[in-house]
Structure formats: structure tokens, C-alpha cells
Number of protein chains: 2
Amino acid sequence: VSAEFTRFDQPQPVRGVRIASAAAGIRRPDRKDVLLVELAPGTRTAAVFTRNRFCAAPVTVARENLATASPRLLIFNAGNANAGTGTQGIADARKVTAAIAAAGDCTEAEVLPFSTGVIGERLPSDKLCAQAQALHRDLDENNWLDGATAIMTTDTVAKTASIRVSIDGSSYQISGLCKGSGMIHPNMATMLAFVATDAPLDASCLDAILATAVATTFNRITVDGDTSTNDACVLSATGAAGGEPMRQDHPHVAAITEGITRACEILAQAIVRDGEGATKFVEIEVLGPNEADCHAVANTVALSPLVKTALFASDPNWGRILAAVGRAPVASLELGAISIWLGDCQIVEHGEPCPGYDEAHADRVMAREEIKIRIIIGEEHASCRVWTCDFSYDYVRINAEYRS
Amino acid sequence: VSAEFTRFDQPQPVRGVRIASAAAGIRRPDRKDVLLVELAPGTRTAAVFTRNRFCAAPVTVARENLATASPRLLIFNAGNANAGTGTQGIADARKVTAAIAAAGDCTEAEVLPFSTGVIGERLPSDKLCAQAQALHRDLDENNWLDGATAIMTTDTVAKTASIRVSIDGSSYQISGLCKGSGMIHPNMATMLAFVATDAPLDASCLDAILATAVATTFNRITVDGDTSTNDACVLSATGAAGGEPMRQDHPHVAAITEGITRACEILAQAIVRDGEGATKFVEIEVLGPNEADCHAVANTVALSPLVKTALFASDPNWGRILAAVGRAPVASLELGAISIWLGDCQIVEHGEPCPGYDEAHADRVMAREEIKIRIIIGEEHASCRVWTCDFSYDYVRINAEYRS
């Protein structure tokens with residue numbers, strides 16, 4: 001089966017999905033801050049949530065509701081994370097899902113709540129509830145960009161992705177939106193993201209597709225190493241493209257999985273490109289004996305404040321990369337097996353400074369806005385790519401000023 | 001046995017230890033950058049080194065020499081770490097130890113080399129060797145402060161500690177010096193530090209004393225999470241105080257260990273107080289069922305860029321502390337068991353916002369230059385204290401500009 005993938009710059013509608021946004025005045029009076037997603041009857045939905053143990057109230061409620069019913073409505077808000085809010089937070093989240101359900105004529109369990117913003121302050125649920133009628137009235141297939149804009153916090157651009165998969169005369173649309181800029185770290189579910197397709201994917205394969213897509217996209221990005229309390233990624237399949245429900249063995253599923261993974265990669269990379277204070281987009285690729293070790297090394301380099309400040313300074317200070325590799329939590333590491341490249345400039349060969357290393361060449365690589373660091377740690381049986389950004393004055397400013 | 005501990009502001013000489021410094025022009029022409037320590041014959045020495053797998057050339061040579069002879073001379077340099085320099089780096093380090101040994105009339109194996117500074121550039125060993133005669137000529141018991149000054153890199157103050165232990169009419173002097181400001185993270189040996197005592201400690205108990213002292217001092221500090229390739233901590237006992245060599249069961253050893261630990265704590269805290277760009281000194285104390293979990297939680301909070309930028313902003317954004325606790329790598333953690341204090345202001349009680357929490361009170365705590373964060377994660381059978389600093393614009397500036 002040969003598949004064709006078409007990527008769109010603007011988000012395309014997905015049949016069976018309607019979106020609305022509104023300004024509830026949660027934190028700022030002058031901006032949209034609520035997003036409602038309506039899923040057509042019969043839509044199947046999978047979701048992954050933060051692995052932070054102190055997950056936010058909406059995550060607890062969303063998990064519970066997802067276990068008892070098929071979601072018909074997703075309600076997102078920016079400006080307040082409803083995290084660290086105890087039992088009051090659960091009650092506030094439920095008040096919102098009840099109001100959204102009542103206005104939409106469905107049960108409370110069919111509504112999933114999502115929140116992002118300041119931690120530790122009570123959610124102004126009344127302000128959200130007051131928008132329930134207006135949100136339902138404004139639902140439209142073409143509101144994806146508006147929706148992505150409504151859930152921005154420290155984000156500076158709205159993030160969407162849209163891919164069409166064509167296979168054997170069938171065509172499936174995949175579109176997604178997400179938010180995220182700080183408190184971003186892999187080994188989690190992801191930030192808030194919603195991806196939908198009109199492919200008639202069976203519930204049995206939806207979880208597997210989402211796990212596959214997230215593993216190499218949202219779970220491979222880091223801005224600051226801080227895993228959020230509110231991360232969630234939702235994948236919905238409306239089935240509006242027609243046809244029988246597809247199980248894992250359907251010949252189209254591999255290509256649809258690939259399309260969904262590509263959409264997730266676009267969204268995940270958009271989060272890193274918009275990382276708080278970021279001036280560089282950095283890919284770290286590690287090759288070695290197994291994926292776990294490659295991931296551990298890539299992650300350690302991606303999280304090193306010294307590597308990240310050197311990237312900000314466009315300084316090819318490769319000793320900091322070597323030092324980070326050397327402290328990565330892997331069982332064994334041979335200095336003689338290590339080779340490192342900055343872009344196409346090799347800096348370390350078999351653990352020694354590369355003969356003929358040319359600092360002017362390395363300077364040119366580091367001056368770019370997109371930088372690739374490639375590290376070999378041993379026999380190349382596996383690999384891992386992690387995306388990160390540099391560490392700038394603006395990261396400190398944004399996070400020092402965030403609540404003021 | 002009751003012991004008395006006297007702390008001195010100025011470093012006191014330790015009989016059997018002489019110190020000299022010189023300006024070798026390694027990186028800057030206008031500053032002292034070499035330190036020589038001479039240990040009297042019969043001095044016993046223990047050392048711990050970085051756990052970074054890609055340790056620097058001087059660490060490799062020092063480890064080898066320590067295994068074959070009792071050190072008589074320690075040679076330190078700032079400005080160049082001689083790390084990531086391959087086999088050439090080993091040859092350069094040996095060239096320096098040979099020159100120092102020749103000028104001091106001892107064997108090469110009796111010299112331990114230590115380097116700190118830029119990683120990945122060749123050590124200008126000739127410049128160091130040229131100072132060998134002058135260093136030996138200038139050796140003096142009273143040069144501790146000069147010596148601490150000579151090994152500063154991004155440090156802004158020279159760091160020394162001096163404690164006298166008096167027990168049963170006996171008196172032992174303990175003095176130490178260290179450097180360190182960035183690339184600081186626990187779970188390592190330490191930064192460059194040298195501690196000496198005139199107590200006649202037996203070689204059999206010296207390693208144990210050093211391990212005990214480092215575990216709760218140098219291994220409990222973090223500035224940026226980056227473990228250096230050059231960390232080393234050396235403890236020497238000259239025995240000049242007189243008396244038979246002491247074994248672990250000697251009645252004075254416990255008090256001497258306590259004195260050495262106190263000296264190490266002063267030096268370790270001095271590194272954090274002088275952390276790159278630091279404006280706050282922060283103690284994080286975690287109480288819980290076992291020390292490993294307490295350490296993991298304390299470390300995760302101490303390393304969180306979001307907690308550290310909030311500290312810089314004096315913002316009691318405790319949600320970030322809770323989020324960091326929630327992602328700590330411990331087997332189990334119950335939200336209902338968590339209580340958190342900022343200084344004397346309780347912010348979280350049993351996982352819920354503390355009733356009667358007063359943000360004005362928290363603001364006052366955060367405005368201080370020294371801040372204590374106390375976290376209970378379960379039944380209080382064990383505890384761990386970690387010291388860290390905030391994350392400021394200046395950390396980014398210092399590390400972006402370091403090589404330029």
C-alpha cells in the first residue's frame with residue numbers, strides 16, 4: 001500500500017469536529033481564553049495525561065470521565081491551571097463540565113475538561129460557565145486557528161498542524177492544535193494538544209496509535225525540564241470519512257499512524273520553536289547500542305544549562321557537550337566510542353579532539369537558528385532524537401515576571 | 001568525650017602544610033592562576049574525584065599517582081581544565097607533575113595535578129613548568145587565602161574555612177580552601193577543594209572521614225545541575241599535632257570528623273553563595289520515610305529552572321515547588337502526605353492549599369536573601385538538606401560570555 005501525505009500550512013477542518021472560542025476574562029480581560037471542541041456522535045477518543053504525580057484537578061476529572069463514556073465535548077481554558085487546588089479544584093472542574101454538558105444536551109461524563117495557566121489559584125468557574133451557551137452557539141468546523149489562539153499562555157504563536165493521508169483512493173484528514181512554551185519536558189504525556197482525524201479508527205487501535213505518535217514527538221521535546229501538572233494529549237477519530245471501523249490489522253492503519261505522528265511532530269516542534277525565550281531550535285540525535293541509552297544521553301545534553309547557554313551565545317563550547325554526555329545516567333559509556341558533530345562539523349572522534357577541527361567552521365554552524373548536534377556513543381543499533389532550544393535572558397525574564 | 005569547635009573567619013595555618021601561588025599567564029596575564037601545596041613527610045592523604053565518566057586528564061593522573069605513593073605536592077591551576085584533551089592532555093599533565101617533582105626533589109608519583117577552567121583547549125604546560133622554582137621558593141604556612149584566590153575562575157570571592165577542635169586537652173587545626181561557582185551539581189565528588197588537618201589520622205580512617213564529610217556537604221549542593229569533569233576533593237592529615245596515628249576507634253575521631261564536616265559545609269555553602277549569577281542562598285530540607293527519597297525530592301526542587309527563576313523574582317509561586325515534587329524520581333508519593341513551608345510560612349498542608357495561607361507573609365519570606373524551603377513527603381524517619389541558589393539573568397550572561 002503506497003500512501004501520499006499532504007501537509008497544509010493552514011489547519012483544515014475535520015468532518016465531525018466543530019470548534020468555538022470565547023473570552024471569559026479568566027486572567028486577562030482582553031483576550032480569548034476558552035476553547036470548546038464538539039465531537040460528532042460515534043467519535044472514538046484516546047488520551048494520554050501528565051505523569052506528574054500531582055496532576056491538576058481537570059486531569060483527574062478527564063481521566064474519570066474518559067473511563068465511563070465516549071467524549072462528546074472537550075472544554076479547555078487558559079489563564080488558570082486549576083492545579084494544587086485540592087478538593088475545591090475538583091468541584092470547580094465538575095461545575096464547568098456540568099454547565100458545558102447542560103448547554104450541549106449531553107451527560108457530564110461526556111465532557112472532558114483541560115486547564116492551563118497559573119498553578120495554585122482557584123479556577124473562576126463561574127466565568128467559564130457563563131460562556132457555555134455562547135460557545136455552543138459559535139461552534140464551526142473552520143475555527144481551528146481561533147481555537148489554538150484561545151489556549152495560548154506564554155506562547156507567542158498559535159500552533160496547528162494539518163496533514164491529509166491518501167491511500168488507494170481513500171483520503172483521511174488529520175488536524176491538530178496545541179499550546180506549550182514553558183514547563184516542557186519529555187518523559188511525560190505532553191502539553192495540551194488535540195489531534196483529530198476523520199478516519200474510522202476502531203477504539204482498539206486508537207490508544208496504540210496515540211502511544212506510538214507521542215513516544216517520538218511530544219515525549220522527545222524539552223524546554224526547561226519541568227514536567228507540567230496539566231499535560232494532556234487527546235486523539236479523536238470521528239469516522240466521518242466513511243467505511244467500516246478499522247482495526248490494527250487494516251492495511252491503511254500504518255499510513256494513518258504515520259500521518260498522525262507527522263502531525264504530532266509538527267506540533268511538538270512548534271512548542272520547542274516557541275520555547276520561552278528561545279532563539280535557537282536544536283535537534284540532538286544520539287546513535288548507540290540501544291534506544292534507552294541514546295534517549296538518556298540526548299536528554300542529559302538537551303537539559304544541560306551550560307550547553308543551552310553556550311547555544312544562546314552561538315559558542316561552539318563542545319567541552320560542555322562532552323561533560324553532559326559523561327554524566328548521563330547510563331550503565332556504561334566508553335570515552336573511546338564517543339564521536340560528536342555540530343551540524344556537519346565533527347568536533348570529537350573516538351573520545352579525542354577531532355584532528356583538523358576548525359573552530360571557524362564550528363562558529364558558522366553555531367551561528368544558525370537551527371542547529372543539529374549528533375552524538376555516537378557506541379555501535380549504532382538504535383537512535384533517538386530530542387528537540388530542545390537554547391537558554392536565554394528572556395527565559396529568566398518570562399519566568400520571573402510570569403505572575404506579576 | 002566533649003569537644004569544642006572554634007570557627008575562624010581567616011584561614012589558620014596547619015602545621016605540616018605550606019602553600020604558594022604564582023601568575024603563570026594561563027588565560028589572563030594579570031592574575032595569579034597556580035597554587036602549590038606542600039605536605040610534610042608522613043602526611044596521609046585521601047581524595048574523591050568526579051563521577052563524570054569523561055574525567056579530565058589531571059583527574060586520571062592524580063588517581064594513578066595516589067594509588068602508588070603518598071602525595072607530597074599538590075599542583076592546581078585555573079584558566080584551563082585540561083579536559084576533553086585526549087592522550088595529549090595526559091602527556092601535558094605528566095609534564096607538569098615532572099617539573100614540580102624535579103624542583104621539589106621528590107618523585108613524580110608524589111605529585112597530584114588539578115586543573116579548572118575552559119574545557120577542550122590544550123593545557124599550556126610550559127607556562128606552568130616555568131613557575132616550578134618560584135613556587136617552591138615562596139612556600140609558606142600562611143598563604144591559604146592567596147592560594148584560594150589563585151584557583152578562582154568565575155568565582156567572585158576566595159573560599160576558605162578554618163575550625164579548631166579541642167578535646168581533652170588536645171587541639172587539632174582544620175583548614176580548607178576550594179573554588180567553584182558554575183558546573184556545580186551533587187552526586188559527584190565535589191569541585192576543587194583541599195582540606196588539611198594536623199591530626200595524626202591513620203590512613204585507614206581518612207577515606208571514611210572524607211566520605212562522611214563530603215556526603216552531606218559537597219554532595220548536597222547544586223548551582224546548575226552540570227557535574228564537572230574536574231571535580232576533586234583532597235583531605236590531608238599531617239599528624240603534626242603529635243601523638244600516635246589514630247584509627248577509626250580512637251575516642252577523638254568522631255569529633256575530628258565533625259570538625260572536618262563543618263569545614264566542608266562552610267566551603268560547600270560558600271560555593272553556592274557564590275553560584276554564578278546567584279542573588280539568593282536557598283536551603284531545601286525534605287523529611288520523609290527514607291533518605292534516598294528525601295534526597296531525590298530535594299534535588300528535583302533544587303534543579304527546577306521554574307523554581308529557581310521564581311526565587312530570583314522573589315515570587316512565592318509555590319505551585320512550581322509542588323509540580324517539581326510531583327515529578328521527582330521516587331517510587332511512590334502521596335499527595336495527601338505533602339506539606340510545604342517557605343521559611344515559617346506554611347503553604348501546603350496534606351496536599352491542599354494551607355488554610356489561612358497569607359501571600360503577604362510568603363512575599364516577606366521570599367524577599368530575603370536566605371530562604372529555607374521545608375517539605376514533608378511522608379512519615380519523618382529521615383531527612384536531607386540540599387543547598388542551591390536562584391537562576392538569574394547573570395547566570396545566562398556569565399555562561400554565554402565565558403569563553404569570549
# chains A, B, ... in the order shown; residues from 1 in each chain; ligands from 1
call {"tool": "interface_residues", "arguments": {"of": "chain B", "to": "chain A", "cutoff": "6 Å", "atoms": "only C-alpha atoms", "output": "list in words"}}
result
Asn52, Arg53, Phe54, Gly86, Ile119, Gly120, Thr309, Ala310, Ala313, Gly319, Gly326, Arg327, Glu352, Tyr393, Val396, Asn399 and Ala400 of chain B
call {"tool": "select_by_dssp", "arguments": {"residues": "stretch 59-239 of chain A", "states": "helix (DSSP H, G or I)", "output": "PyMOL selection string"}}
result
chain A and resi 59-68+86-104+108-110+125-129+132-137+144-150+203-215+218-220
call {"tool": "residues_around", "arguments": {"residues": "stretch 144-148 of chain A", "least_positions_apart": "6", "cutoff": "10 Å", "atoms": "only C-alpha atoms", "output": "MDAnalysis selection string"}}
result
chainID A and resid 10:14 17:22 32:37 76 157:161 175:179 193:194
call {"tool": "write_last_selection", "arguments": {"atoms": "N, CA, C and O atoms", "output": "tab-separated table (two decimals), in the first residue's frame"}}
result
chain	number	residue	atom	x	y	z
A	10	GLN	N	-2.27	25.97	6.64
A	10	GLN	CA	-3.43	26.37	7.43
A	10	GLN	C	-4.18	25.12	7.87
A	10	GLN	O	-4.33	24.17	7.10
A	11	PRO	N	-4.71	25.13	9.11
A	11	PRO	CA	-5.43	23.94	9.58
A	11	PRO	C	-6.71	23.68	8.78
A	11	PRO	O	-7.49	24.61	8.56
A	12	GLN	N	-6.87	22.46	8.31
A	12	GLN	CA	-8.06	22.08	7.54
A	12	GLN	C	-9.11	21.50	8.47
A	12	GLN	O	-8.78	20.85	9.46
A	13	PRO	N	-10.39	21.72	8.16
A	13	PRO	CA	-11.43	21.12	9.01
A	13	PRO	C	-11.39	19.59	8.94
A	13	PRO	O	-10.95	19.03	7.95
A	14	VAL	N	-11.86	18.97	10.00
A	14	VAL	CA	-12.00	17.51	10.05
A	14	VAL	C	-13.49	17.24	10.23
A	14	VAL	O	-14.08	17.70	11.21
A	17	VAL	N	-15.85	17.37	13.57
A	17	VAL	CA	-15.27	18.18	14.66
A	17	VAL	C	-15.67	19.65	14.46
A	17	VAL	O	-15.46	20.21	13.38
A	18	ARG	N	-16.27	20.25	15.48
A	18	ARG	CA	-16.57	21.69	15.44
A	18	ARG	C	-15.94	22.38	16.65
A	18	ARG	O	-15.80	21.78	17.71
A	19	ILE	N	-15.53	23.62	16.44
A	19	ILE	CA	-14.72	24.33	17.43
A	19	ILE	C	-15.28	25.72	17.67
A	19	ILE	O	-15.77	26.37	16.74
A	20	ALA	N	-15.20	26.18	18.93
A	20	ALA	CA	-15.58	27.56	19.24
A	20	ALA	C	-14.66	28.09	20.32
A	20	ALA	O	-14.12	27.33	21.12
A	21	SER	N	-14.48	29.40	20.35
A	21	SER	CA	-13.68	30.00	21.41
A	21	SER	C	-14.39	31.23	21.94
A	21	SER	O	-15.29	31.78	21.29
A	22	ALA	N	-13.97	31.67	23.15
A	22	ALA	CA	-14.63	32.83	23.76
A	22	ALA	C	-13.66	33.49	24.74
A	22	ALA	O	-12.67	32.91	25.14
A	32	LYS	N	-9.21	36.03	24.12
A	32	LYS	CA	-9.92	34.76	24.16
A	32	LYS	C	-9.15	33.80	25.04
A	32	LYS	O	-7.91	33.75	25.00
A	33	ASP	N	-9.85	33.03	25.86
A	33	ASP	CA	-9.17	32.13	26.79
A	33	ASP	C	-9.92	30.82	27.01
A	33	ASP	O	-9.57	30.05	27.91
A	34	VAL	N	-10.96	30.57	26.24
A	34	VAL	CA	-11.71	29.32	26.36
A	34	VAL	C	-11.89	28.70	24.98
A	34	VAL	O	-12.10	29.41	24.01
A	35	LEU	N	-11.78	27.39	24.94
A	35	LEU	CA	-11.92	26.64	23.68
A	35	LEU	C	-12.87	25.48	23.92
A	35	LEU	O	-12.71	24.74	24.88
A	36	LEU	N	-13.88	25.37	23.05
A	36	LEU	CA	-14.79	24.22	23.12
A	36	LEU	C	-14.64	23.40	21.85
A	36	LEU	O	-14.63	23.96	20.75
A	37	VAL	N	-14.48	22.10	21.99
A	37	VAL	CA	-14.42	21.19	20.84
A	37	VAL	C	-15.61	20.25	20.94
A	37	VAL	O	-15.83	19.63	21.98
A	76	PHE	N	-11.48	23.55	27.12
A	76	PHE	CA	-10.13	23.98	27.51
A	76	PHE	C	-10.20	25.41	28.01
A	76	PHE	O	-10.94	26.22	27.48
A	157	VAL	N	2.99	32.18	19.38
A	157	VAL	CA	2.29	31.86	18.13
A	157	VAL	C	1.29	30.73	18.40
A	157	VAL	O	1.51	29.88	19.25
A	158	ALA	N	0.18	30.76	17.63
A	158	ALA	CA	-0.79	29.67	17.70
A	158	ALA	C	-0.22	28.48	16.95
A	158	ALA	O	0.43	28.65	15.91
A	159	LYS	N	-0.44	27.27	17.47
A	159	LYS	CA	0.20	26.09	16.91
A	159	LYS	C	-0.83	25.10	16.38
A	159	LYS	O	-1.64	24.58	17.14
A	160	THR	N	-0.76	24.84	15.08
A	160	THR	CA	-1.66	23.87	14.47
A	160	THR	C	-0.86	23.01	13.49
A	160	THR	O	0.26	23.35	13.11
A	161	ALA	N	-1.42	21.88	13.11
A	161	ALA	CA	-0.81	21.02	12.10
A	161	ALA	C	-1.93	20.38	11.31
A	161	ALA	O	-3.00	20.09	11.86
A	175	SER	N	-5.98	16.82	11.64
A	175	SER	CA	-5.62	18.18	12.05
A	175	SER	C	-5.40	18.18	13.55
A	175	SER	O	-5.98	17.37	14.27
A	176	GLY	N	-4.56	19.08	14.01
A	176	GLY	CA	-4.28	19.16	15.45
A	176	GLY	C	-3.97	20.56	15.87
A	176	GLY	O	-3.62	21.42	15.06
A	177	LEU	N	-4.13	20.82	17.17
A	177	LEU	CA	-3.74	22.09	17.74
A	177	LEU	C	-3.12	21.81	19.10
A	177	LEU	O	-3.38	20.78	19.72
A	178	CYS	N	-2.26	22.71	19.53
A	178	CYS	CA	-1.67	22.53	20.86
A	178	CYS	C	-1.19	23.86	21.39
A	178	CYS	O	-1.16	24.86	20.67
A	179	LYS	N	-0.84	23.88	22.67
A	179	LYS	CA	-0.21	25.04	23.30
A	179	LYS	C	0.96	24.52	24.13
A	179	LYS	O	0.98	23.37	24.56
A	193	ALA	N	-2.70	19.17	23.89
A	193	ALA	CA	-2.76	19.01	22.44
A	193	ALA	C	-4.02	18.24	22.09
A	193	ALA	O	-4.47	17.36	22.84
A	194	PHE	N	-4.61	18.59	20.97
A	194	PHE	CA	-5.80	17.89	20.47
A	194	PHE	C	-5.58	17.59	19.00
A	194	PHE	O	-5.25	18.48	18.23
call {"tool": "atom_distance", "arguments": {"atom1": "atom CA of B:Arg164", "atom2": "atom CA of B:Pro113"}}
result
28.1 Å
call {"tool": "select_by_dssp", "arguments": {"residues": "stretch 171-379 of chain B", "states": "strand (DSSP E)", "output": "ChimeraX atom specification"}}
result
/B:171-178,193-197,221-222,232-237,281-288,339-342,345-349,352-353,370-376
call {"tool": "write_last_selection", "arguments": {"atoms": "N, CA and C atoms", "output": "short mmCIF file (atom, residue, chain, number, x, y, z; two decimals), in the first residue's frame"}}
result
data_model
loop_
_atom_site.label_atom_id
_atom_site.label_comp_id
_atom_site.auth_asym_id
_atom_site.auth_seq_id
_atom_site.Cartn_x
_atom_site.Cartn_y
_atom_site.Cartn_z
N SER B 171 44.39 19.56 70.81
CA SER B 171 43.82 20.55 69.91
C SER B 171 44.25 20.22 68.48
N TYR B 172 43.30 20.20 67.57
CA TYR B 172 43.60 19.89 66.18
C TYR B 172 43.12 21.03 65.30
N GLN B 173 43.94 21.45 64.37
CA GLN B 173 43.56 22.51 63.45
C GLN B 173 43.08 21.88 62.14
N ILE B 174 41.97 22.42 61.61
CA ILE B 174 41.46 22.00 60.30
C ILE B 174 41.30 23.25 59.45
N SER B 175 41.91 23.28 58.28
CA SER B 175 41.71 24.41 57.37
C SER B 175 41.46 23.87 55.97
N GLY B 176 40.70 24.61 55.18
CA GLY B 176 40.39 24.16 53.82
C GLY B 176 40.23 25.33 52.88
N LEU B 177 40.39 25.04 51.59
CA LEU B 177 40.13 26.05 50.56
C LEU B 177 39.45 25.35 49.40
N CYS B 178 38.68 26.09 48.64
CA CYS B 178 38.05 25.49 47.46
C CYS B 178 37.71 26.57 46.45
N ALA B 193 38.65 21.14 45.95
CA ALA B 193 38.72 21.53 47.35
C ALA B 193 39.89 20.81 48.00
N PHE B 194 40.54 21.50 48.93
CA PHE B 194 41.65 20.91 49.68
C PHE B 194 41.43 21.23 51.14
N VAL B 195 41.39 20.19 51.96
CA VAL B 195 41.20 20.36 53.39
C VAL B 195 42.35 19.65 54.09
N ALA B 196 42.95 20.29 55.09
CA ALA B 196 44.08 19.68 55.80
C ALA B 196 43.85 19.76 57.29
N THR B 197 44.38 18.79 58.01
CA THR B 197 44.38 18.84 59.47
C THR B 197 45.74 18.36 59.97
N ILE B 221 25.11 20.12 47.18
CA ILE B 221 24.95 21.46 46.63
C ILE B 221 24.73 21.35 45.12
N THR B 222 24.01 22.33 44.58
CA THR B 222 23.83 22.40 43.14
C THR B 222 23.67 23.85 42.73
N ALA B 232 37.33 17.51 42.33
CA ALA B 232 38.18 16.73 43.21
C ALA B 232 38.18 17.36 44.60
N CYS B 233 38.20 16.52 45.61
CA CYS B 233 38.31 17.00 46.98
C CYS B 233 39.39 16.18 47.68
N VAL B 234 40.36 16.87 48.25
CA VAL B 234 41.51 16.22 48.86
C VAL B 234 41.53 16.52 50.35
N LEU B 235 41.75 15.51 51.17
CA LEU B 235 41.88 15.68 52.62
C LEU B 235 43.25 15.15 53.04
N SER B 236 44.04 16.01 53.68
CA SER B 236 45.37 15.60 54.13
C SER B 236 45.48 15.73 55.64
N ALA B 237 46.11 14.75 56.27
CA ALA B 237 46.35 14.78 57.71
C ALA B 237 47.86 14.72 57.92
N PHE B 281 20.50 32.53 48.56
CA PHE B 281 21.02 31.27 49.06
C PHE B 281 19.84 30.49 49.62
N VAL B 282 19.63 29.29 49.11
CA VAL B 282 18.41 28.55 49.42
C VAL B 282 18.74 27.18 50.02
N GLU B 283 18.14 26.91 51.18
CA GLU B 283 18.26 25.56 51.76
C GLU B 283 16.94 24.84 51.55
N ILE B 284 17.04 23.64 51.00
CA ILE B 284 15.84 22.81 50.82
C ILE B 284 15.97 21.61 51.74
N GLU B 285 15.06 21.50 52.70
CA GLU B 285 15.09 20.37 53.64
C GLU B 285 13.87 19.52 53.39
N VAL B 286 14.11 18.23 53.17
CA VAL B 286 12.98 17.31 52.92
C VAL B 286 12.98 16.24 54.00
N LEU B 287 11.82 15.99 54.59
CA LEU B 287 11.66 14.95 55.61
C LEU B 287 10.72 13.88 55.08
N GLY B 288 11.07 12.61 55.28
CA GLY B 288 10.23 11.54 54.76
C GLY B 288 10.68 10.19 55.23
N SER B 339 3.40 18.35 52.83
CA SER B 339 3.27 19.68 53.43
C SER B 339 4.50 20.49 53.05
N ILE B 340 4.32 21.76 52.78
CA ILE B 340 5.43 22.62 52.32
C ILE B 340 5.41 23.95 53.07
N TRP B 341 6.60 24.36 53.50
CA TRP B 341 6.77 25.66 54.14
C TRP B 341 7.78 26.50 53.34
N LEU B 342 7.50 27.79 53.20
CA LEU B 342 8.50 28.77 52.77
C LEU B 342 8.91 29.50 54.03
N CYS B 345 6.36 30.15 56.83
CA CYS B 345 5.02 30.30 56.25
C CYS B 345 4.60 29.00 55.60
N GLN B 346 3.60 28.32 56.19
CA GLN B 346 3.16 27.05 55.58
C GLN B 346 2.27 27.34 54.39
N ILE B 347 2.57 26.68 53.25
CA ILE B 347 1.81 26.96 52.04
C ILE B 347 0.97 25.78 51.61
N VAL B 348 1.42 24.55 51.92
CA VAL B 348 0.65 23.36 51.56
C VAL B 348 0.53 22.48 52.80
N GLU B 349 -0.68 21.97 53.07
CA GLU B 349 -0.90 21.08 54.21
C GLU B 349 -1.64 19.85 53.70
N GLU B 352 -3.13 19.99 50.21
CA GLU B 352 -4.11 21.02 49.86
C GLU B 352 -3.52 22.38 50.19
N PRO B 353 -3.99 23.44 49.51
CA PRO B 353 -3.55 24.78 49.90
C PRO B 353 -3.78 24.94 51.41
N GLU B 370 18.32 34.85 52.17
CA GLU B 370 18.48 33.44 52.53
C GLU B 370 17.08 32.86 52.75
N ILE B 371 16.77 31.81 52.02
CA ILE B 371 15.41 31.26 52.05
C ILE B 371 15.48 29.77 52.36
N LYS B 372 14.59 29.32 53.25
CA LYS B 372 14.53 27.90 53.55
C LYS B 372 13.20 27.34 53.06
N ILE B 373 13.29 26.28 52.27
CA ILE B 373 12.08 25.57 51.82
C ILE B 373 12.06 24.23 52.54
N ARG B 374 10.96 23.95 53.24
CA ARG B 374 10.86 22.71 54.01
C ARG B 374 9.69 21.90 53.47
N ILE B 375 9.97 20.63 53.16
CA ILE B 375 8.96 19.79 52.52
C ILE B 375 8.85 18.47 53.28
N ILE B 376 7.64 18.12 53.69
CA ILE B 376 7.41 16.80 54.30
C ILE B 376 6.71 15.94 53.25
#
call {"tool": "residues_around", "arguments": {"residues": "B:Cys129", "least_positions_apart": "2", "cutoff": "6 Å", "atoms": "only C-alpha atoms", "output": "list in words"}}
result
Val96, Ala99, Asp126, Lys127, Gln131 and Ala132 of chain B
call {"tool": "closest_residue", "arguments": {"among": "B:Ala101, B:Ala78, B:Glu141, B:Phe218", "to": "B:Thr154", "atoms": "only C-alpha atoms"}}
result
B:Ala78
call {"tool": "residues_around", "arguments": {"residues": "A:Gly169", "least_positions_apart": "4", "cutoff": "12 Å", "atoms": "only C-alpha atoms", "output": "PyMOL selection string"}}
result
chain A and resi 1-4+165+241+252
call {"tool": "closest_residue", "arguments": {"among": "A:Glu64, A:Asp30, A:Asp140, A:Asp231", "to": "A:Gly117", "atoms": "only C-alpha atoms"}}
result
A:Asp231
call {"tool": "residues_around", "arguments": {"residues": "stretch 256-271 of chain B", "least_positions_apart": "6", "cutoff": "6 Å", "atoms": "only C-alpha atoms", "output": "MDAnalysis selection string"}}
result
chainID B and resid 161 180:181 209 213 217:218
call {"tool": "atom_distance", "arguments": {"atom1": "atom CA of A:Ala102", "atom2": "atom CA of A:Ile151"}}
result
22.7 Å
